[in-house]
Amino acid sequence: DKRPSARRNALLDFADDWSPDVVQYIGDQTNAESVNHWKLERGHNPDVASVKEDYSNLEKNILLPFKKACPRARTVYHIGNHEDWFYQAMLSHSWLDGLLNFDKNINIKKYNMQLIPLNGIKNFGHLYFTHGNYASGDNHAKKMVIAYRKNIRYGHIHDKQEYFTQSLLDEDEKMSAASIGCLCKIGAMDYLKKKPAKWVNAFNIAHIRDDGTFNDYTVVLTNGRFTSPEGRDYHV
């Protein structure tokens, strides 16, 4: 969303209380409408001013508020397929070369940010994260755990789904893949053309122990409201 939402504000309250060590954005935090690749295919020419507005909205509505709520947290930002449209636009329009890069428009040092490329992986102990471009189909979580053979969490699909597997020969070899939802306005994207979608507003929190083992929770929001694993209710 271009404007602050109840979903975001409730999550900011939780982040302020929880004080996480890391705030991680799993990708597609901007819809990148200025370089929408469907529009580019129909002959639309991107302009730098519109791109700057996309980045400005990302910073104003997401990055800065969470930086204020969690000033000591490190930031991990995954390039999603929508952020990748900036790079696709530069490949198609040579005069834009170097102007649309994420790190040229967002001060990554300001946010103590690690930038993860499209389809890149970030792990915390035995828990791995990626944007999730490989995920597809009705049983995408199963597809992801078979492909990565790790405990992997991802976005991209915008729904909530988990698949768990464990070796019959080694009880310590267990892994799961989970799609962890989204925080965008459900069904608001033009490309859906009002078709049904199983998107769900949700976010993931994780506790990583010193030995790399972990517990994580995907929390679903209903009408901008949720109850944290600690049992506290958040809503705006």
# chains A, B, ... in the order shown; residues from 1 in each chain; ligands from 1
$ residues_around --residues "region 201-204 of chain A" --least-positions-apart "4" --cutoff "9 Å" --atoms "only C-alpha atoms" --output "list in words"
Arg7, Leu11, Arg153, His158, Asp159, Lys160, Ile180, Gly181, Cys182, Leu183, Cys184, Lys185, Ile186, Asp216, Tyr217, Thr218, Val219, Val220, Leu221, Thr222 and Gly224 of chain A
$ residues_around --residues "Val145 (chain A)" --least-positions-apart "4" --cutoff "6 Å" --atoms "only C-alpha atoms" --output "list in words"
Arg149, Ser176 and Ala177 of chain A
$ closest_residue --among "A:Ile208, A:Ala178, A:Val51, A:Ala141" --to "Met90 (chain A)" --atoms "only C-alpha atoms"
A:Val51
$ closest_residue --among "A:Asn139, A:Asn61, A:Gln114, A:Ser94" --to "Gln29 (chain A)" --atoms "only C-alpha atoms"
A:Asn61
$ select_by_dssp --residues "region 89-200 of chain A" --states "alpha helix (DSSP H)" --output "ChimeraX atom specification"
/A:89-92,102-105,140-148
$ write_last_selection --atoms "all heavy atoms" --output "CSV table (one decimal), in the first residue's frame"
chain,number,residue,atom,x,y,z
A,89,ALA,N,14.2,-3.1,-16.1
A,89,ALA,CA,14.0,-1.9,-16.9
A,89,ALA,C,15.3,-1.3,-17.3
A,89,ALA,O,15.4,-0.8,-18.4
A,89,ALA,CB,13.3,-0.8,-16.0
A,90,MET,N,16.4,-1.4,-16.5
A,90,MET,CA,17.7,-0.9,-16.9
A,90,MET,C,18.3,-1.7,-18.0
A,90,MET,O,18.9,-1.2,-18.9
A,90,MET,CB,18.6,-0.9,-15.7
A,90,MET,CG,18.3,0.2,-14.7
A,90,MET,SD,19.6,0.3,-13.3
A,90,MET,CE,19.3,-1.2,-12.4
A,91,LEU,N,18.0,-3.0,-18.0
A,91,LEU,CA,18.5,-3.9,-19.2
A,91,LEU,C,17.8,-3.5,-20.5
A,91,LEU,O,18.4,-3.6,-21.5
A,91,LEU,CB,18.2,-5.3,-18.8
A,91,LEU,CG,19.1,-5.9,-17.7
A,91,LEU,CD1,18.6,-7.4,-17.4
A,91,LEU,CD2,20.6,-5.9,-18.1
A,92,SER,N,16.5,-3.1,-20.4
A,92,SER,CA,15.7,-2.8,-21.6
A,92,SER,C,15.9,-1.3,-22.0
A,92,SER,O,15.7,-1.0,-23.2
A,92,SER,CB,14.2,-3.0,-21.3
A,92,SER,OG,14.0,-4.3,-20.9
A,102,PHE,N,18.7,-0.5,-6.3
A,102,PHE,CA,18.2,-0.4,-5.0
A,102,PHE,C,19.2,0.4,-4.1
A,102,PHE,O,18.8,1.4,-3.4
A,102,PHE,CB,18.0,-1.7,-4.4
A,102,PHE,CG,17.2,-1.7,-3.1
A,102,PHE,CD1,15.9,-2.0,-3.0
A,102,PHE,CD2,17.9,-1.5,-1.9
A,102,PHE,CE1,15.2,-2.0,-1.8
A,102,PHE,CE2,17.2,-1.5,-0.7
A,102,PHE,CZ,15.8,-1.7,-0.7
A,103,ASP,N,20.5,0.1,-4.1
A,103,ASP,CA,21.4,0.7,-3.3
A,103,ASP,C,21.8,2.1,-3.7
A,103,ASP,O,22.6,2.8,-3.0
A,103,ASP,CB,22.7,-0.2,-3.1
A,103,ASP,CG,23.4,-0.5,-4.4
A,103,ASP,OD1,22.8,-0.2,-5.4
A,103,ASP,OD2,24.4,-1.2,-4.3
A,104,LYS,N,21.4,2.5,-4.9
A,104,LYS,CA,21.6,3.9,-5.3
A,104,LYS,C,20.4,4.8,-4.9
A,104,LYS,O,20.5,6.0,-4.9
A,104,LYS,CB,21.7,4.0,-6.8
A,104,LYS,CG,22.9,3.3,-7.4
A,104,LYS,CD,24.2,4.1,-7.1
A,104,LYS,CE,25.4,3.4,-7.6
A,104,LYS,NZ,25.4,3.4,-9.1
A,105,ASN,N,19.3,4.2,-4.5
A,105,ASN,CA,18.1,5.0,-4.1
A,105,ASN,C,17.8,4.8,-2.6
A,105,ASN,O,17.0,5.6,-2.1
A,105,ASN,CB,16.9,4.5,-4.9
A,105,ASN,CG,17.1,5.0,-6.4
A,105,ASN,OD1,16.7,6.1,-6.7
A,105,ASN,ND2,17.6,4.1,-7.2
A,140,HIS,N,3.2,-25.9,-3.2
A,140,HIS,CA,4.5,-25.2,-3.3
A,140,HIS,C,5.4,-25.4,-2.1
A,140,HIS,O,6.6,-25.5,-2.3
A,140,HIS,CB,4.3,-23.7,-3.6
A,140,HIS,CG,3.4,-23.0,-2.7
A,140,HIS,ND1,3.7,-22.6,-1.4
A,140,HIS,CD2,2.0,-22.7,-2.8
A,140,HIS,CE1,2.7,-22.0,-0.8
A,140,HIS,NE2,1.7,-22.0,-1.6
A,141,ALA,N,4.8,-25.6,-0.9
A,141,ALA,CA,5.7,-25.8,0.2
A,141,ALA,C,6.4,-27.1,0.1
A,141,ALA,O,7.6,-27.3,0.4
A,141,ALA,CB,4.9,-25.8,1.5
A,142,LYS,N,5.7,-28.2,-0.3
A,142,LYS,CA,6.3,-29.5,-0.6
A,142,LYS,C,7.4,-29.3,-1.6
A,142,LYS,O,8.5,-29.9,-1.5
A,142,LYS,CB,5.3,-30.5,-1.0
A,142,LYS,CG,5.9,-31.9,-1.3
A,142,LYS,CD,4.8,-32.9,-1.7
A,142,LYS,CE,5.3,-34.3,-1.9
A,142,LYS,NZ,4.3,-35.2,-2.3
A,143,LYS,N,7.1,-28.6,-2.7
A,143,LYS,CA,8.1,-28.4,-3.7
A,143,LYS,C,9.4,-27.7,-3.2
A,143,LYS,O,10.5,-28.1,-3.5
A,143,LYS,CB,7.5,-27.5,-4.8
A,143,LYS,CG,8.4,-27.2,-6.0
A,143,LYS,CD,7.7,-26.3,-7.0
A,143,LYS,CE,8.7,-26.0,-8.2
A,143,LYS,NZ,8.0,-25.1,-9.2
A,144,MET,N,9.2,-26.7,-2.3
A,144,MET,CA,10.3,-26.0,-1.8
A,144,MET,C,11.2,-26.8,-0.9
A,144,MET,O,12.4,-26.8,-0.9
A,144,MET,CB,9.8,-24.7,-1.0
A,144,MET,CG,9.2,-23.7,-1.9
A,144,MET,SD,10.4,-22.8,-3.0
A,144,MET,CE,11.2,-21.7,-1.8
A,145,VAL,N,10.6,-27.6,0.0
A,145,VAL,CA,11.4,-28.4,1.0
A,145,VAL,C,12.2,-29.5,0.2
A,145,VAL,O,13.3,-29.8,0.6
A,145,VAL,CB,10.6,-28.9,2.1
A,145,VAL,CG1,9.7,-30.1,1.7
A,145,VAL,CG2,11.5,-29.3,3.3
A,146,ILE,N,11.6,-30.1,-0.8
A,146,ILE,CA,12.3,-31.1,-1.6
A,146,ILE,C,13.4,-30.4,-2.4
A,146,ILE,O,14.5,-31.0,-2.5
A,146,ILE,CB,11.3,-31.7,-2.6
A,146,ILE,CG1,10.3,-32.6,-1.8
A,146,ILE,CG2,12.0,-32.6,-3.6
A,146,ILE,CD1,9.2,-33.2,-2.7
A,147,ALA,N,13.2,-29.2,-2.9
A,147,ALA,CA,14.3,-28.6,-3.7
A,147,ALA,C,15.4,-28.1,-2.8
A,147,ALA,O,16.6,-28.3,-3.2
A,147,ALA,CB,13.7,-27.4,-4.5
A,148,TYR,N,15.1,-27.5,-1.7
A,148,TYR,CA,16.2,-26.9,-0.9
A,148,TYR,C,16.7,-27.8,0.2
A,148,TYR,O,17.9,-27.6,0.6
A,148,TYR,CB,15.7,-25.6,-0.3
A,148,TYR,CG,15.5,-24.4,-1.2
A,148,TYR,CD1,14.3,-24.2,-1.9
A,148,TYR,CD2,16.6,-23.6,-1.5
A,148,TYR,CE1,14.2,-23.2,-2.8
A,148,TYR,CE2,16.5,-22.6,-2.4
A,148,TYR,CZ,15.3,-22.4,-3.1
A,148,TYR,OH,15.1,-21.3,-4.0
$ closest_residue --among "A:Ser5, A:Thr75, A:Ser179, A:Ser56" --to "His156 (chain A)" --atoms "only C-alpha atoms"
A:Ser179
$ closest_residue --among "A:Ala32, A:Phe66, A:Asp97, A:Asp54" --to "Trp85 (chain A)" --atoms "only C-alpha atoms"
A:Ala32
$ select_by_dssp --residues "region 58-202 of chain A" --states "strand (DSSP E or B)" --output "PyMOL selection string"
chain A and resi 74-78+113-116+122-124+127-130+151-154+160-166+174-180+182+201-202
$ atom_distance --atom1 "CA of Glu59 (chain A)" --atom2 "CA of Asn133 (chain A)"
23.7 Å
$ residues_around --residues "region 230-235 of chain A" --least-positions-apart "4" --cutoff "6 Å" --atoms "only C-alpha atoms" --output "list in words"
Ala10, Arg225 and Phe226 of chain A
$ write_last_selection --atoms "N, CA and C atoms" --output "short mmCIF file (atom, residue, chain, number, x, y, z; two decimals), in the first residue's frame"
data_model
loop_
_atom_site.label_atom_id
_atom_site.label_comp_id
_atom_site.auth_asym_id
_atom_site.auth_seq_id
_atom_site.Cartn_x
_atom_site.Cartn_y
_atom_site.Cartn_z
N ALA A 10 -0.09 -2.06 13.58
CA ALA A 10 -0.13 -3.07 14.63
C ALA A 10 1.20 -3.80 14.72
N ARG A 225 -5.56 -7.12 13.03
CA ARG A 225 -5.39 -7.48 14.44
C ARG A 225 -4.77 -8.87 14.58
N PHE A 226 -3.93 -9.04 15.59
CA PHE A 226 -3.35 -10.35 15.86
C PHE A 226 -2.98 -10.47 17.33
#
$ atom_distance --atom1 "CA of Glu173 (chain A)" --atom2 "CA of Gly125 (chain A)"
14.8 Å
$ residues_around --residues "His37 (chain A)" --least-positions-apart "5" --cutoff "12 Å" --atoms "only C-alpha atoms" --output "PyMOL selection string"
chain A and resi 31-32+42-46+81-92+191
$ write_last_selection --atoms "N, CA and C atoms" --output "JSON list (two decimals), in the first residue's frame"
[["chain", "number", "residue", "atom", "x", "y", "z"],
["A", 31, "ASN", "N", 5.58, -2.35, -4.95],
["A", 31, "ASN", "CA", 4.98, -2.96, -6.14],
["A", 31, "ASN", "C", 5.70, -2.53, -7.41],
["A", 32, "ALA", "N", 6.55, -1.49, -7.30],
["A", 32, "ALA", "CA", 7.37, -1.01, -8.43],
["A", 32, "ALA", "C", 6.51, -0.70, -9.65],
["A", 42, "ARG", "N", 3.94, -3.33, -23.07],
["A", 42, "ARG", "CA", 2.95, -2.65, -23.91],
["A", 42, "ARG", "C", 3.44, -1.28, -24.40],
["A", 43, "GLY", "N", 4.75, -1.02, -24.18],
["A", 43, "GLY", "CA", 5.33, 0.19, -24.72],
["A", 43, "GLY", "C", 5.48, 1.34, -23.75],
["A", 44, "HIS", "N", 5.12, 1.14, -22.47],
["A", 44, "HIS", "CA", 5.28, 2.20, -21.47],
["A", 44, "HIS", "C", 6.76, 2.50, -21.26],
["A", 45, "ASN", "N", 7.11, 3.77, -21.23],
["A", 45, "ASN", "CA", 8.49, 4.17, -20.97],
["A", 45, "ASN", "C", 8.63, 4.66, -19.53],
["A", 46, "PRO", "N", 9.48, 4.03, -18.75],
["A", 46, "PRO", "CA", 9.64, 4.45, -17.35],
["A", 46, "PRO", "C", 10.33, 5.81, -17.27],
["A", 81, "ASN", "N", 10.64, -10.30, -6.93],
["A", 81, "ASN", "CA", 10.47, -10.15, -8.37],
["A", 81, "ASN", "C", 9.98, -8.75, -8.74],
["A", 82, "HIS", "N", 9.28, -8.05, -7.82],
["A", 82, "HIS", "CA", 8.85, -6.69, -8.13],
["A", 82, "HIS", "C", 10.04, -5.72, -8.08],
["A", 83, "GLU", "N", 10.89, -5.82, -7.07],
["A", 83, "GLU", "CA", 12.10, -4.98, -7.06],
["A", 83, "GLU", "C", 12.98, -5.30, -8.26],
["A", 84, "ASP", "N", 12.94, -6.54, -8.72],
["A", 84, "ASP", "CA", 13.76, -6.92, -9.88],
["A", 84, "ASP", "C", 13.31, -6.22, -11.14],
["A", 85, "TRP", "N", 12.05, -5.73, -11.16],
["A", 85, "TRP", "CA", 11.60, -4.97, -12.33],
["A", 85, "TRP", "C", 12.47, -3.74, -12.57],
["A", 86, "PHE", "N", 13.01, -3.14, -11.48],
["A", 86, "PHE", "CA", 13.92, -2.01, -11.66],
["A", 86, "PHE", "C", 15.13, -2.42, -12.51],
["A", 87, "TYR", "N", 15.66, -3.60, -12.21],
["A", 87, "TYR", "CA", 16.85, -4.08, -12.92],
["A", 87, "TYR", "C", 16.48, -4.49, -14.34],
["A", 88, "GLN", "N", 15.30, -5.08, -14.53],
["A", 88, "GLN", "CA", 14.85, -5.43, -15.88],
["A", 88, "GLN", "C", 14.69, -4.17, -16.74],
["A", 89, "ALA", "N", 14.18, -3.11, -16.13],
["A", 89, "ALA", "CA", 13.99, -1.86, -16.87],
["A", 89, "ALA", "C", 15.33, -1.29, -17.33],
["A", 90, "MET", "N", 16.35, -1.41, -16.48],
["A", 90, "MET", "CA", 17.67, -0.91, -16.88],
["A", 90, "MET", "C", 18.25, -1.71, -18.03],
["A", 91, "LEU", "N", 17.97, -3.03, -18.05],
["A", 91, "LEU", "CA", 18.46, -3.85, -19.15],
["A", 91, "LEU", "C", 17.77, -3.49, -20.46],
["A", 92, "SER", "N", 16.51, -3.09, -20.37],
["A", 92, "SER", "CA", 15.73, -2.78, -21.57],
["A", 92, "SER", "C", 15.93, -1.34, -22.03],
["A", 191, "TYR", "N", -3.09, -7.09, -11.51],
["A", 191, "TYR", "CA", -2.90, -8.30, -12.33],
["A", 191, "TYR", "C", -3.82, -9.44, -11.90]]
$ closest_residue --among "A:Gly155, A:Pro71, A:Pro65, A:Gly80" --to "Pro20 (chain A)" --atoms "only C-alpha atoms"
A:Pro71
$ closest_residue --among "A:Met175, A:Leu168, A:Thr213, A:Lys67" --to "His126 (chain A)" --atoms "only C-alpha atoms"
A:Thr213
$ residues_around --residues "Val48 (chain A)" --least-positions-apart "3" --cutoff "8 Å" --atoms "only C-alpha atoms" --output "PyMOL selection string"
chain A and resi 51-52+96+99-100
$ write_last_selection --atoms "C-alpha atoms" --output "mmCIF file, in the first residue's frame"
data_model
loop_
_atom_site.group_PDB
_atom_site.id
_atom_site.type_symbol
_atom_site.label_atom_id
_atom_site.label_comp_id
_atom_site.auth_asym_id
_atom_site.auth_seq_id
_atom_site.Cartn_x
_atom_site.Cartn_y
_atom_site.Cartn_z
ATOM 1 C CA VAL A 51 10.922 5.395 -9.811
ATOM 2 C CA LYS A 52 12.094 7.853 -7.161
ATOM 3 C CA LEU A 96 18.515 4.174 -17.165
ATOM 4 C CA LEU A 99 19.892 4.992 -11.966
ATOM 5 C CA LEU A 100 17.381 2.487 -10.618
#
$ decode --residues "region 77-117 of chain A" --atoms "C-alpha atoms" --output "compact mmCIF listing (two decimals), in the first residue's frame"
# COMPACT_ATOMS: atom_id res chain seq x y z
CA TYR A 77 16.18 -7.01 2.59
CA HIS A 78 15.50 -9.59 -0.10
CA ILE A 79 15.08 -8.41 -3.66
CA GLY A 80 11.74 -9.81 -4.83
CA ASN A 81 10.47 -10.15 -8.37
CA HIS A 82 8.85 -6.69 -8.13
CA GLU A 83 12.10 -4.98 -7.06
CA ASP A 84 13.76 -6.92 -9.88
CA TRP A 85 11.60 -4.97 -12.33
CA PHE A 86 13.92 -2.01 -11.66
CA TYR A 87 16.85 -4.08 -12.92
CA GLN A 88 14.85 -5.43 -15.88
CA ALA A 89 13.99 -1.86 -16.87
CA MET A 90 17.67 -0.91 -16.88
CA LEU A 91 18.46 -3.85 -19.15
CA SER A 92 15.73 -2.78 -21.57
CA HIS A 93 16.49 0.97 -21.45
CA SER A 94 20.23 1.62 -21.49
CA TRP A 95 19.77 5.30 -20.60
CA LEU A 96 18.52 4.17 -17.17
CA ASP A 97 21.65 2.14 -16.46
CA GLY A 98 22.77 2.67 -12.86
CA LEU A 99 19.89 4.99 -11.97
CA LEU A 100 17.38 2.49 -10.62
CA ASN A 101 19.58 0.26 -8.45
CA PHE A 102 18.21 -0.35 -4.98
CA ASP A 103 21.44 0.71 -3.26
CA LYS A 104 21.57 3.92 -5.33
CA ASN A 105 18.14 4.96 -4.08
CA ILE A 106 18.11 3.55 -0.54
CA ASN A 107 20.95 4.28 1.89
CA ILE A 108 21.67 0.74 3.03
CA LYS A 109 24.24 1.90 5.61
CA LYS A 110 21.58 4.02 7.28
CA TYR A 111 19.52 0.89 7.89
CA ASN A 112 22.48 -1.40 8.68
CA MET A 113 21.10 -3.39 5.77
CA GLN A 114 22.23 -6.57 4.08
CA LEU A 115 20.79 -6.75 0.56
CA ILE A 116 19.97 -10.26 -0.69
CA PRO A 117 19.73 -10.66 -4.49
